Every structure is written in structure tokens, then in C-alpha cells.
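Notes follow once the structure below has been shown.
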Amino acid sequence: MNVTIDKYAYATIDAPATSAGMVEFAAQDAGAAEQLRPELVDLAPGPLQLMKGVYARVVRDYLGGRAPVIRIRTHSDAPPGSGLGSSSTMVVALVTAFAEYFRLPLGEYEIAHLAYSIEREDLALAGGKQDQYAAAFGGFNFMEFYDADRVIVNPLRIKDWIWSELEASLVLYFTGVSRSSAKIIDEQSRNIREGRTESLDAMQRLKQEAVQMKEALLRGNLDRLAQVMQSGWQAKKQSASSITNPMIDELEKLAFANGAHATKVSGAGGGGFMMFMCDPGERVRLVRALSGAGGTVYDTHFTQHGASSWKLG
């Protein structure tokens, strides 16, 4: 179960600022930039790795090995390591920009799968698949993942009043602490490989939670949705020890003492963003309490559309 919010990743492709035959990469919010000859583009870790990974893959698979001299610039509304899928969303934005610039015949499924393949296979970054498909499709979706890379995205028709009440009930809070999701995901994967029953059971409960959350949402039963969300958070904490910590536990206690009915750490856990559900009438009290805890409450709204692209005028 996934819904996209109005925090965006941006990618711009145009001609380079100079005529020196260099490819220009710039992650503007990270303050990182580099100029390279096309044949010297590498996939080494760093703030420009996602851009270089997309560039290299498009050159290999779609441009017949012809490496164009272009300028690529990116920035994001969400901080890295936030748990909002910012890295995967950026890769989707980059793939979408390349598809627009080079007129590549890629639909939402192809864009999402290519972004997943670049991030997980070419760059060997640990993680799942849902973020890429969420960013490509947008809106409320119930996603099903099968073997052999088969994915089915089921868009959900959410009634306007349910949409509005859920927006008023959700509080998104940035703890101020970014973290590496790869380390947490590696721990979860290790627990599964080693056959640890507690972690396996937790994963099964999280799978069931997605189905239960879809049913509660479609029926407009937000009390049930909060129950499922809280149950899923308890299960998630059992899948890896690093998902929670004393800071997160204290924030959860604070939130429940000020009107929250459910909580969950977005993404892998360990920091980043936390989500809280409350009665809309308790929202102001909850926001004030969280704002005094050192982090930042983000004003957010759901979006209906996924990745989009256009030519600069």
C-alpha cells in the first residue's frame, strides 16, 4: 500500500554550459558537481552516483553506446536518508527526463523497472521495489510483487471525503536524523537468510497489513486503518533491531500522549520521517508537541499523478 505526497525530485537535462566535450553532473542540493569526458563516467559511490548510473545505463541500452555530451542537474524536496524513498524517486525522475530528452518509448512500468534495475543491480544499492513504482505511477496504489520481476500496480479509487479526512489525520514529522537504509535492509535480509522465526513472522504480518490497510481505506474506516498501521509498526520493529531506537521510542510516547492513535517510521526505519495518525480535532495539539521535540512537522498533501516530463520553453 502506497500513496505519493507533494514532495518532488527534479531532474533537468540540457546542453552543457561549455563546449569542452564534457558531460556535466550537478546534484544541486548536495552541492556536488563534476565534469567528465563521456568515456570516464564511473559508478563509484557518492552524491553523483545516481545520475551517473542512469546516464551509463541509457547509453548502453538505448543509445547504442553513443555517449552524449549533456548537462544533468538534480534537486529534491526531501532530504536524503529520510525514508520517503527520495533516492528511488530521484532515479525515476532521471529516467523520465532521459526518456523525454531522447524520446525513449517508456511507459510507467518500464520506467519503474528500469529505475529499479539501475539502483539495485547496476549500483548494488540495497532496497526494495515499491518506491520506484510509487514514483512512476503516483496516487494511491496497492502493489503486488511476484517472482521473475512481475509487478502489478492496482490504482485505488479513493472517495474525496476519505482522501480529505486521511490528509487531515496524518502528521508527517522529520526527526532531523538521516540514516543509511542499506544497513537496516542488510540486517533484515540477513535475518531472513538465517531463518530467524521472529523476523519471518514479522514480514508475513507486514504483508497482511497491506491487504488490511487497503480494505480499511476503501471503506473509509480510518479507525481500523490506524489499528492496522500501529500493528504493522510493531511487526516492523521485530524484523530488525536497528529499525527503532530510544529517540524514536520517546517520540512515539510523546505523540500518543498528545492525541496520536498510530505511528510508523517511514522507509527502512532508524530515523528520517515518522508518520502519525490522529483525530483531525487533535492535530494542532499533536503538531505543537512534536514541533517542540526538536524535529520538523512537514505540511503535506497527497498527489494523484506520478512522474511527468516536459520540454523547457
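Chains: A, B, ... in order of the C-alpha cells. Residues: from 1 per chain. Ligands: from 1, in order shown.
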Counting only C-alpha atoms, what are the residues of range 106-190 of chain A within 12 Å of range 224-230 of chain A, and for each of them which pair of atoms is the nearest and at what distance in Å, to one decimal? Sort the table by chain and rising number, as CSV.
residue,atom,partner,partner_atom,distance
A:Ile162,CA,A:Leu225,CA,11.5
A:Leu166,CA,A:Leu225,CA,9.7
A:Ser169,CA,A:Ala226,CA,9.7
A:Leu170,CA,A:Ala226,CA,10.0
What are the closest atom pairs, with distances in Å to one decimal, for each residue of range 249-278 of chain A lying within 12 Å of range 75-79 of chain A, using only C-alpha atoms, rows by chain and rising residue number, as CSV?
residue,atom,partner,partner_atom,distance
A:Gly271,CA,A:Pro79,CA,11.9
A:Gly272,CA,A:Pro79,CA,8.6
A:Phe273,CA,A:Pro79,CA,9.8
Pull N, CA and C atoms from the residues just selected and write them as a PDB file, in the first residue's frame.
ATOM      1  N   GLY A 271      15.340   6.359  11.747  1.00  0.00           N
ATOM      2  CA  GLY A 271      15.389   7.824  11.742  1.00  0.00           C
ATOM      3  C   GLY A 271      14.557   8.340  10.593  1.00  0.00           C
ATOM      4  N   GLY A 272      14.935   9.486  10.057  1.00  0.00           N
ATOM      5  CA  GLY A 272      14.188  10.030   8.936  1.00  0.00           C
ATOM      6  C   GLY A 272      12.821  10.537   9.361  1.00  0.00           C
ATOM      7  N   PHE A 273      11.791  10.201   8.583  1.00  0.00           N
ATOM      8  CA  PHE A 273      10.438  10.672   8.840  1.00  0.00           C
ATOM      9  C   PHE A 273       9.630   9.663   9.639  1.00  0.00           C
TER      10      PHE A 273
END
Practice item. Apply DSSP to the structure's backbone, then extract all residues of range 72-281 of chain A labelled strand (DSSP E) and return them as a VMD selection string. Key: chain A and resid 72 to 76 140 to 145 151 to 155 170 to 174 260 to 265 273 to 278
Practice item. Give the alpha helix (DSSP H) residues of range 7-161 of chain A, as assigned by DSSP on the backbone, as a ChimeraX atom specification. Key: /A:49-62,86-101,108-116,130-137,160-161
Practice item. Would you mind listing what lies within 7 Å of Ile111 in chain A as a list of chain:residue names, with only C-alpha atoms counted and same-chain residues fewer than 3 positions away left out? Key: A:Val92, A:Val95, A:Thr96, A:Leu106, A:Gly107, A:Glu108, A:Leu114, A:Ala115, A:Ala136
**Study point:** Top pick for closest residue to Met274 in chain A, considering A:Leu94, A:Val297, A:Leu217, A:Ile118 and counting only C-alpha atoms
**Key:** A:Val297
Exercise for review: Pick out the closest residue to Thr244 in chain A from this set: A:Val287, A:Val171, A:Val265, A:Ile72. Count only C-alpha atoms.
Suggested key: A:Val265
Point to revise | Best match for closeness to Lys214 in chain A among A:Pro155, A:Pro80, A:Pro68, A:Pro38, counting only C-alpha atoms | key: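 Nearest candidate to Lys214 in chain A out of A:Pro155, A:Pro80, A:Pro68, A:Pro38: A:Pro155.
When only C-alpha atoms are used to measure the gap to Lys237 in chain A, the shortest distance among A:Glu110, A:Asp160, A:Asp201, A:Asp223 belongs to A:Asp201.
For the set A:Ala289, A:Leu156, A:Ala262, A:Leu125, the residue with the smallest atom-to-atom gap to Phe140 in chain A is A:Leu156, counting only C-alpha atoms.
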Give me the residues near Ala26 in chain A as a CSV table (one decimal) with all heavy atoms, in the first residue's frame, where near means some atom within 10 Å (using only C-alpha atoms) and where sequence neighbours in that chain fewer than 6 positions away do not count.
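After the write, part-v2.csv holds the following:
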chain,number,residue,atom,x,y,z
A,11,ALA,N,14.8,16.6,-12.1
A,11,ALA,CA,16.0,16.3,-13.0
A,11,ALA,C,15.8,17.2,-14.3
A,11,ALA,O,14.8,17.1,-14.9
A,11,ALA,CB,16.1,14.9,-13.3
A,12,THR,N,16.9,17.8,-14.6
A,12,THR,CA,16.9,18.7,-15.8
A,12,THR,C,18.1,18.2,-16.7
A,12,THR,O,19.2,18.1,-16.2
A,12,THR,CB,17.1,20.2,-15.5
A,12,THR,OG1,16.0,20.6,-14.6
A,12,THR,CG2,17.0,21.0,-16.8
A,32,ALA,N,27.2,19.2,-5.0
A,32,ALA,CA,28.2,18.4,-5.7
A,32,ALA,C,28.1,18.6,-7.2
A,32,ALA,O,27.0,18.6,-7.8
A,32,ALA,CB,28.0,16.9,-5.3
A,33,ALA,N,29.2,18.7,-7.9
A,33,ALA,CA,29.3,18.9,-9.3
A,33,ALA,C,30.6,18.3,-9.9
A,33,ALA,O,31.6,18.3,-9.2
A,33,ALA,CB,29.1,20.3,-9.7
A,34,GLU,N,30.5,17.8,-11.2
A,34,GLU,CA,31.7,17.2,-11.8
A,34,GLU,C,31.5,17.3,-13.3
A,34,GLU,O,30.4,17.2,-13.8
A,34,GLU,CB,31.8,15.8,-11.3
A,34,GLU,CG,33.2,15.2,-11.7
A,34,GLU,CD,33.3,13.8,-11.1
A,34,GLU,OE1,32.4,13.3,-10.4
A,34,GLU,OE2,34.4,13.2,-11.3
A,35,GLN,N,32.6,17.5,-14.0
A,35,GLN,CA,32.7,17.5,-15.4
A,35,GLN,C,33.6,16.4,-15.8
A,35,GLN,O,34.7,16.3,-15.3
A,35,GLN,CB,33.2,18.8,-16.0
A,35,GLN,CG,32.3,20.0,-15.7
A,35,GLN,CD,32.8,21.3,-16.4
A,35,GLN,OE1,33.9,21.4,-16.8
A,35,GLN,NE2,31.9,22.3,-16.5
A,47,PRO,N,27.6,11.5,-4.1
A,47,PRO,CA,26.3,12.2,-4.4
A,47,PRO,C,25.9,12.3,-5.9
A,47,PRO,O,24.8,12.6,-6.2
A,47,PRO,CB,26.6,13.6,-3.9
A,47,PRO,CG,28.1,13.7,-3.9
A,47,PRO,CD,28.6,12.4,-3.6
A,48,LEU,N,26.8,11.9,-6.8
A,48,LEU,CA,26.5,11.9,-8.2
A,48,LEU,C,26.3,10.5,-8.8
A,48,LEU,O,26.1,10.3,-10.0
A,48,LEU,CB,27.6,12.6,-9.0
A,48,LEU,CG,28.0,14.0,-8.5
A,48,LEU,CD1,29.2,14.5,-9.3
A,48,LEU,CD2,26.8,15.0,-8.7
A,51,MET,N,22.9,9.8,-10.8
A,51,MET,CA,23.0,10.4,-12.1
A,51,MET,C,23.9,9.6,-13.1
A,51,MET,O,23.5,9.4,-14.3
A,51,MET,CB,23.5,11.9,-12.0
A,51,MET,CG,22.4,12.9,-11.8
A,51,MET,SD,23.1,14.6,-11.8
A,51,MET,CE,23.7,14.6,-10.1
A,71,ARG,N,24.3,18.1,-20.0
A,71,ARG,CA,24.4,18.6,-18.6
A,71,ARG,C,23.1,18.0,-17.9
A,71,ARG,O,22.0,18.2,-18.3
A,71,ARG,CB,24.4,20.1,-18.5
A,71,ARG,CG,24.3,20.6,-17.1
A,71,ARG,CD,24.5,22.2,-17.0
A,71,ARG,NE,23.5,22.9,-17.8
A,71,ARG,CZ,23.4,24.2,-17.7
A,71,ARG,NH1,24.3,25.0,-17.1
A,71,ARG,NH2,22.4,24.8,-18.4
A,72,ILE,N,23.4,17.4,-16.7
A,72,ILE,CA,22.3,16.9,-15.9
A,72,ILE,C,22.3,17.5,-14.5
A,72,ILE,O,23.4,17.5,-13.8
A,72,ILE,CB,22.5,15.3,-15.7
A,72,ILE,CG1,22.7,14.7,-17.1
A,72,ILE,CG2,21.3,14.7,-15.0
A,72,ILE,CD1,23.2,13.3,-17.0
A,73,ARG,N,21.2,18.1,-14.1
A,73,ARG,CA,21.1,18.8,-12.8
A,73,ARG,C,19.9,18.2,-12.1
A,73,ARG,O,18.9,18.0,-12.6
A,73,ARG,CB,21.0,20.3,-13.0
A,73,ARG,CG,22.2,20.9,-13.6
A,73,ARG,CD,22.0,22.4,-13.9
A,73,ARG,NE,21.2,22.6,-15.1
A,73,ARG,CZ,20.7,23.8,-15.5
A,73,ARG,NH1,21.1,24.9,-14.9
A,73,ARG,NH2,20.0,23.8,-16.6
A,74,THR,N,20.1,18.0,-10.7
A,74,THR,CA,19.0,17.5,-9.9
A,74,THR,C,18.9,18.2,-8.6
A,74,THR,O,19.8,18.9,-8.1
A,74,THR,CB,19.2,16.0,-9.6
A,74,THR,OG1,20.4,15.9,-8.8
A,74,THR,CG2,19.4,15.2,-10.8
A,75,HIS,N,17.7,18.2,-8.1
A,75,HIS,CA,17.5,18.6,-6.7
A,75,HIS,C,16.2,18.0,-6.2
A,75,HIS,O,15.4,17.5,-7.0
A,75,HIS,CB,17.4,20.1,-6.5
A,75,HIS,CG,16.2,20.8,-7.1
A,75,HIS,ND1,16.2,21.1,-8.5
A,75,HIS,CD2,15.1,21.2,-6.6
A,75,HIS,CE1,15.0,21.6,-8.8
A,75,HIS,NE2,14.3,21.8,-7.6
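Of the listed residues A:Tyr146, A:Gly85, A:Ile248, A:Pro45, the one whose atoms come nearest to Gly176 in chain A is A:Ile248, with distances taken using only C-alpha atoms.
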Exercise for review: Could you tell me how far CA of Leu206 in chain A lies from CA of Gln238 in chain A, in Å and to one decimal?
Suggested key: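 Pair CA of Leu206 in chain A / CA of Gln238 in chain A returns 10.6 Å.
Atom to atom, CA of Ala135 in chain A and CA of Tyr109 in chain A stand 10.8 Å apart.
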Practice item. Considering only C-alpha atoms, return as a list in words whatever protein or nucleic-acid residues lie within 6 Å of Thr4 in chain A, sequence-local ones (same chain, fewer than 5 positions apart) excluded. Key: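 Contacts, with the query itself left out: Gly138, Gly139, Phe302 and Thr303 of chain A.
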